[in-house]
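The structure under discussion appears below in the form of structure tokens.
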Amino acid sequence: MTKKRVAVLISGRGSNLQALMDAQQDVYEIVLVVSNVPGVAGLERARAAGIEAIALDHKPYGKNREAFERDLDALLIERRIELVALAGFMRVLTPYFVRAWAGRLINIHPSLLPKHPGVNTHARALEAGDAEHGCTVHLVVEEVDAGEIIGQAQTPILPGDTPETLANRVLELEHALYPRCLANFARTLAA
Ligand code: GAR
């Protein structure tokens, strides 16, 4: 079986990207990393692993989100990308991009969706008095954090937890969950 050519989109430190790169890539191969924020640590992680890493700064595009996405799309097509994994990519994608990559675009989100879509998920899980928290890998659809769920991992919320302690615990779960889900997803596409 040929490995699926994967692009990972990031905006920051790239610890999930690192987990995806470190995992055994027998069904997928990360061939491109794109960050919408120049100079972030995730780009360096990719380069250190010998993977092409490109900063595509969204700022010069101003409010024209679609123009940014058209250039991103062109780059992905040029590199013959088959599957796109968002890993801490902190820009909401427009229907234009989501439709173009429908069924081949996945994301990791730091909550047990459908609970707590959006931002500040750890604080919100604490405020809500949730008994457990975690992370979700899901298909990306037009509605934010609402696509079909591919996998989840849970942790109990402990007395004394803060948003920081929870974030650290959930991040560890993310690092185990995402490579597994990406591999499973790549396998379903290969069938
Ligand atoms: C991760 O916790 C990821 O789930 C979250 O950003 C963090 C990125 O960390 N993503 C979102 O909130 C997406 N809405 P990383 O750059 O170290 O992988």
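Quick note on naming: the chains in the structure tokens go A, B, ... in the order shown, residues restart at 1 in each chain, and ligands are numbered from 1 in order of appearance.
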
Check your understanding: Contacts of stretch 103-120 of chain A at 8 Å or less, counting only C-alpha atoms, minus same-chain residues fewer than 3 places along, as a ChimeraX atom specification?
Key -> /A:82-88,98,123-125,133-140,144-146,152-154,170-171,174,178

Selection to disk with C-alpha atoms, as a PDB file, in the first residue's frame:
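Ended up saving to result-v1.pdb:
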```
ATOM      1  CA  GLU A  82      -4.109  13.606  -0.208  1.00  0.00           C
ATOM      2  CA  LEU A  83      -5.018  14.303   3.413  1.00  0.00           C
ATOM      3  CA  VAL A  84      -4.822  17.446   5.557  1.00  0.00           C
ATOM      4  CA  ALA A  85      -4.453  17.305   9.356  1.00  0.00           C
ATOM      5  CA  LEU A  86      -5.021  20.457  11.409  1.00  0.00           C
ATOM      6  CA  ALA A  87      -2.833  20.446  14.530  1.00  0.00           C
ATOM      7  CA  GLY A  88      -3.291  23.618  16.527  1.00  0.00           C
ATOM      8  CA  VAL A  98     -13.756  22.974   3.722  1.00  0.00           C
ATOM      9  CA  ALA A 123     -11.525  26.500  31.790  1.00  0.00           C
ATOM     10  CA  ARG A 124     -15.003  25.886  30.418  1.00  0.00           C
ATOM     11  CA  ALA A 125     -14.955  22.195  31.356  1.00  0.00           C
ATOM     12  CA  HIS A 133     -12.641  16.076  29.947  1.00  0.00           C
ATOM     13  CA  GLY A 134     -10.482  15.120  26.991  1.00  0.00           C
ATOM     14  CA  CYS A 135      -9.876  15.543  23.300  1.00  0.00           C
ATOM     15  CA  THR A 136     -11.505  14.685  20.004  1.00  0.00           C
ATOM     16  CA  VAL A 137     -10.296  14.012  16.488  1.00  0.00           C
ATOM     17  CA  HIS A 138     -12.993  14.829  13.963  1.00  0.00           C
ATOM     18  CA  LEU A 139     -13.682  15.512  10.322  1.00  0.00           C
ATOM     19  CA  VAL A 140     -13.823  19.221   9.519  1.00  0.00           C
ATOM     20  CA  VAL A 144     -16.844  24.835  13.691  1.00  0.00           C
ATOM     21  CA  ASP A 145     -15.856  21.663  15.652  1.00  0.00           C
ATOM     22  CA  ALA A 146     -19.002  19.846  14.503  1.00  0.00           C
ATOM     23  CA  GLN A 152     -11.781  10.551  21.576  1.00  0.00           C
ATOM     24  CA  ALA A 153      -9.685  10.157  24.733  1.00  0.00           C
ATOM     25  CA  GLN A 154     -10.893  10.988  28.252  1.00  0.00           C
ATOM     26  CA  VAL A 170      -5.282  16.484  27.825  1.00  0.00           C
ATOM     27  CA  LEU A 171      -2.267  17.354  25.666  1.00  0.00           C
ATOM     28  CA  GLU A 174      -3.816  14.246  22.257  1.00  0.00           C
ATOM     29  CA  TYR A 178      -3.948  11.879  16.998  1.00  0.00           C
TER      30      TYR A 178
END
```

Practice item. Once DSSP has gone over the backbone, tell me which residues of stretch 8-127 of chain A are in strand (DSSP E), as a list of chain:residue names. Key: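 Taking stretch 8-127 of chain A and keeping strand (DSSP E) gives A:Val8, A:Leu9, A:Ile10, A:Tyr28, A:Glu29, A:Ile30, A:Val31, A:Leu32, A:Val33, A:Val34, A:Ser35, A:Glu52, A:Ala53, A:Ile54, A:Ala55, A:Leu83, A:Val84, A:Ala85, A:Leu86, A:Leu105, A:Ile106, A:Asn107, A:Ile108, A:His109.
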
Practice item. Have a look at atom CA of A:Leu177 and atom CA of A:Leu32 and let me know their distance in Å, one decimal. Key: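 Atom-to-atom, atom CA of A:Leu177 and atom CA of A:Leu32 are spaced 20.7 Å apart.
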
Give me the residues near A:Asp161 as a PDB file with N, CA and C atoms, in the first residue's frame, where near means some atom within 12 Å (using only C-alpha atoms) and where sequence neighbours in that chain fewer than 3 positions away do not count.
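Okay, around-v1.pdb is ready:
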```pdb
ATOM      1  N   HIS A 122     -10.532  24.146  28.446  1.00  0.00           N
ATOM      2  CA  HIS A 122     -10.195  23.563  29.754  1.00  0.00           C
ATOM      3  C   HIS A 122     -10.893  24.348  30.875  1.00  0.00           C
ATOM      4  N   ALA A 123     -10.836  25.667  30.787  1.00  0.00           N
ATOM      5  CA  ALA A 123     -11.525  26.500  31.790  1.00  0.00           C
ATOM      6  C   ALA A 123     -13.027  26.243  31.738  1.00  0.00           C
ATOM      7  N   ALA A 125     -14.611  23.517  30.796  1.00  0.00           N
ATOM      8  CA  ALA A 125     -14.955  22.195  31.356  1.00  0.00           C
ATOM      9  C   ALA A 125     -14.975  22.273  32.883  1.00  0.00           C
ATOM     10  N   LEU A 126     -14.030  23.021  33.462  1.00  0.00           N
ATOM     11  CA  LEU A 126     -13.989  23.195  34.923  1.00  0.00           C
ATOM     12  C   LEU A 126     -15.208  23.975  35.406  1.00  0.00           C
ATOM     13  N   GLU A 127     -15.485  25.087  34.716  1.00  0.00           N
ATOM     14  CA  GLU A 127     -16.627  25.931  35.113  1.00  0.00           C
ATOM     15  C   GLU A 127     -17.942  25.172  35.025  1.00  0.00           C
ATOM     16  N   GLY A 129     -18.372  22.178  35.668  1.00  0.00           N
ATOM     17  CA  GLY A 129     -18.431  21.109  36.663  1.00  0.00           C
ATOM     18  C   GLY A 129     -18.404  19.723  36.035  1.00  0.00           C
ATOM     19  N   ASP A 130     -17.817  19.608  34.852  1.00  0.00           N
ATOM     20  CA  ASP A 130     -17.766  18.305  34.176  1.00  0.00           C
ATOM     21  C   ASP A 130     -16.996  17.294  35.019  1.00  0.00           C
ATOM     22  N   ALA A 131     -17.416  16.043  34.958  1.00  0.00           N
ATOM     23  CA  ALA A 131     -16.705  14.982  35.684  1.00  0.00           C
ATOM     24  C   ALA A 131     -15.485  14.526  34.892  1.00  0.00           C
ATOM     25  N   GLU A 132     -15.565  14.670  33.567  1.00  0.00           N
ATOM     26  CA  GLU A 132     -14.420  14.274  32.738  1.00  0.00           C
ATOM     27  C   GLU A 132     -14.227  15.250  31.590  1.00  0.00           C
ATOM     28  N   HIS A 133     -13.040  15.159  31.019  1.00  0.00           N
ATOM     29  CA  HIS A 133     -12.641  16.076  29.947  1.00  0.00           C
ATOM     30  C   HIS A 133     -11.753  15.271  29.001  1.00  0.00           C
ATOM     31  N   THR A 155     -10.108  11.935  30.317  1.00  0.00           N
ATOM     32  CA  THR A 155      -9.450  11.912  31.620  1.00  0.00           C
ATOM     33  C   THR A 155     -10.448  12.431  32.651  1.00  0.00           C
ATOM     34  N   PRO A 156     -10.456  11.860  33.867  1.00  0.00           N
ATOM     35  CA  PRO A 156     -11.339  12.437  34.881  1.00  0.00           C
ATOM     36  C   PRO A 156     -10.847  13.821  35.281  1.00  0.00           C
ATOM     37  N   ILE A 157     -11.769  14.695  35.664  1.00  0.00           N
ATOM     38  CA  ILE A 157     -11.364  15.984  36.230  1.00  0.00           C
ATOM     39  C   ILE A 157     -11.178  15.769  37.735  1.00  0.00           C
ATOM     40  N   LEU A 158      -9.990  16.124  38.237  1.00  0.00           N
ATOM     41  CA  LEU A 158      -9.615  15.821  39.626  1.00  0.00           C
ATOM     42  C   LEU A 158      -9.805  17.045  40.507  1.00  0.00           C
ATOM     43  N   GLU A 164      -4.587  24.841  33.606  1.00  0.00           N
ATOM     44  CA  GLU A 164      -3.229  24.441  33.188  1.00  0.00           C
ATOM     45  C   GLU A 164      -2.985  22.949  33.420  1.00  0.00           C
ATOM     46  N   THR A 165      -3.356  22.452  34.608  1.00  0.00           N
ATOM     47  CA  THR A 165      -3.104  21.026  34.874  1.00  0.00           C
ATOM     48  C   THR A 165      -3.944  20.169  33.918  1.00  0.00           C
ATOM     49  N   LEU A 166      -5.162  20.626  33.670  1.00  0.00           N
ATOM     50  CA  LEU A 166      -6.026  19.886  32.740  1.00  0.00           C
ATOM     51  C   LEU A 166      -5.455  19.916  31.328  1.00  0.00           C
ATOM     52  N   ALA A 167      -5.006  21.104  30.918  1.00  0.00           N
ATOM     53  CA  ALA A 167      -4.450  21.250  29.561  1.00  0.00           C
ATOM     54  C   ALA A 167      -3.268  20.305  29.375  1.00  0.00           C
ATOM     55  N   ASN A 168      -2.412  20.195  30.393  1.00  0.00           N
ATOM     56  CA  ASN A 168      -1.241  19.325  30.284  1.00  0.00           C
ATOM     57  C   ASN A 168      -1.654  17.871  30.141  1.00  0.00           C
ATOM     58  N   ARG A 169      -2.648  17.474  30.945  1.00  0.00           N
ATOM     59  CA  ARG A 169      -3.085  16.078  30.888  1.00  0.00           C
ATOM     60  C   ARG A 169      -3.758  15.766  29.559  1.00  0.00           C
ATOM     61  N   VAL A 170      -4.584  16.712  29.096  1.00  0.00           N
ATOM     62  CA  VAL A 170      -5.282  16.484  27.825  1.00  0.00           C
ATOM     63  C   VAL A 170      -4.272  16.462  26.672  1.00  0.00           C
TER      64      VAL A 170
END
```

Point to revise | Spatial neighbours of A:Arg187, 12 Å, only C-alpha atoms, chain gap at least 6 places, as a PyMOL selection string | key: chain A and resi 1-4+25-28+83+104+180-181

Keeping all heavy atoms for every residue in the selection just given, could you write it to a file as a CSV table (one decimal), in the first residue's frame?
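The new file out.csv reads:
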```
chain,number,residue,atom,x,y,z
A,1,MET,N,0.8,-1.2,0.0
A,1,MET,CA,0.0,0.0,0.0
A,1,MET,C,0.9,1.3,0.0
A,1,MET,O,1.8,1.3,0.8
A,1,MET,CB,-0.9,0.0,1.3
A,1,MET,CG,-1.9,1.0,1.2
A,1,MET,SD,-2.9,1.0,2.8
A,1,MET,CE,-1.8,1.6,4.0
A,2,THR,N,0.5,2.2,-0.9
A,2,THR,CA,1.3,3.4,-0.9
A,2,THR,C,0.9,4.3,0.3
A,2,THR,O,-0.3,4.3,0.6
A,2,THR,CB,1.2,4.2,-2.2
A,2,THR,OG1,-0.2,4.4,-2.4
A,2,THR,CG2,1.8,3.4,-3.4
A,3,LYS,N,1.8,5.0,0.9
A,3,LYS,CA,1.4,5.9,2.0
A,3,LYS,C,0.7,7.1,1.5
A,3,LYS,O,1.0,7.7,0.5
A,3,LYS,CB,2.7,6.3,2.7
A,3,LYS,CG,3.5,5.2,3.3
A,3,LYS,CD,4.7,5.7,4.0
A,3,LYS,CE,5.6,4.6,4.5
A,3,LYS,NZ,6.8,5.1,5.3
A,4,LYS,N,-0.3,7.5,2.3
A,4,LYS,CA,-1.0,8.8,2.0
A,4,LYS,C,-0.1,10.0,2.2
A,4,LYS,O,0.5,10.1,3.3
A,4,LYS,CB,-2.3,8.9,2.9
A,4,LYS,CG,-3.3,7.8,2.5
A,4,LYS,CD,-4.0,8.3,1.2
A,4,LYS,CE,-4.7,7.1,0.6
A,4,LYS,NZ,-5.1,7.2,-0.8
A,25,GLN,N,5.1,6.0,10.7
A,25,GLN,CA,4.3,6.5,9.5
A,25,GLN,C,4.2,5.4,8.5
A,25,GLN,O,4.8,5.5,7.4
A,25,GLN,CB,4.9,7.8,9.0
A,25,GLN,CG,4.9,8.9,10.0
A,25,GLN,CD,5.4,10.2,9.4
A,25,GLN,OE1,5.3,10.5,8.2
A,25,GLN,NE2,6.0,11.1,10.2
A,26,ASP,N,3.6,4.3,8.8
A,26,ASP,CA,3.5,3.2,7.8
A,26,ASP,C,2.3,3.3,6.9
A,26,ASP,O,2.3,2.7,5.8
A,26,ASP,CB,3.6,1.8,8.4
A,26,ASP,CG,2.6,1.6,9.6
A,26,ASP,OD1,1.9,2.6,9.9
A,26,ASP,OD2,2.5,0.5,10.1
A,27,VAL,N,1.3,4.1,7.2
A,27,VAL,CA,0.2,4.3,6.3
A,27,VAL,C,0.1,5.7,5.8
A,27,VAL,O,-0.6,6.0,4.9
A,27,VAL,CB,-1.2,3.9,6.9
A,27,VAL,CG1,-1.2,2.4,7.0
A,27,VAL,CG2,-1.4,4.5,8.2
A,28,TYR,N,0.8,6.6,6.5
A,28,TYR,CA,0.8,8.0,6.0
A,28,TYR,C,2.2,8.6,6.1
A,28,TYR,O,3.1,8.0,6.8
A,28,TYR,CB,-0.1,8.9,6.9
A,28,TYR,CG,0.3,9.1,8.3
A,28,TYR,CD1,1.2,10.1,8.7
A,28,TYR,CD2,-0.2,8.4,9.4
A,28,TYR,CE1,1.6,10.3,10.0
A,28,TYR,CE2,0.1,8.6,10.7
A,28,TYR,CZ,1.1,9.5,11.0
A,28,TYR,OH,1.4,9.7,12.3
A,83,LEU,N,-4.3,14.2,2.1
A,83,LEU,CA,-5.0,14.3,3.4
A,83,LEU,C,-4.4,15.5,4.2
A,83,LEU,O,-3.2,15.6,4.2
A,83,LEU,CB,-4.7,13.0,4.1
A,83,LEU,CG,-5.7,12.4,5.1
A,83,LEU,CD1,-5.3,11.0,5.4
A,83,LEU,CD2,-5.8,13.2,6.4
A,104,ARG,N,-11.4,14.7,3.6
A,104,ARG,CA,-9.9,14.5,3.6
A,104,ARG,C,-9.2,15.5,4.5
A,104,ARG,O,-8.0,15.7,4.5
A,104,ARG,CB,-9.3,14.7,2.2
A,104,ARG,CG,-9.9,13.7,1.2
A,104,ARG,CD,-9.3,14.0,-0.2
A,104,ARG,NE,-9.8,15.3,-0.7
A,104,ARG,CZ,-9.2,16.0,-1.6
A,104,ARG,NH1,-8.1,15.5,-2.2
A,104,ARG,NH2,-9.6,17.2,-2.0
A,180,ARG,N,-2.9,7.8,16.1
A,180,ARG,CA,-3.7,6.6,15.9
A,180,ARG,C,-4.8,6.9,15.0
A,180,ARG,O,-5.1,6.2,14.0
A,180,ARG,CB,-4.2,6.2,17.3
A,180,ARG,CG,-4.4,4.7,17.4
A,180,ARG,CD,-4.7,4.3,18.8
A,180,ARG,NE,-6.0,4.8,19.3
A,180,ARG,CZ,-6.1,5.4,20.5
A,180,ARG,NH1,-5.0,5.6,21.3
A,180,ARG,NH2,-7.2,5.9,20.9
A,181,CYS,N,-5.5,8.0,15.2
A,181,CYS,CA,-6.6,8.4,14.4
A,181,CYS,C,-6.2,8.7,12.9
A,181,CYS,O,-6.9,8.4,12.0
A,181,CYS,CB,-7.4,9.6,15.0
A,181,CYS,SG,-8.3,9.2,16.4
```

Point to revise | Filtered DSSP result for stretch 7-178 of chain A, state helix (DSSP H, G or I), as number ranges by chain | key: A: 15-22, 41-48, 59-61, 65-78, 95-100, 121-127, 163-178

**Study point:** Option closest in space to ligand 1, from A:Met90, A:Ala74, A:Ile81, A:Met21 [counting only C-alpha atoms and all ligand atoms]
**Key:** A:Met90
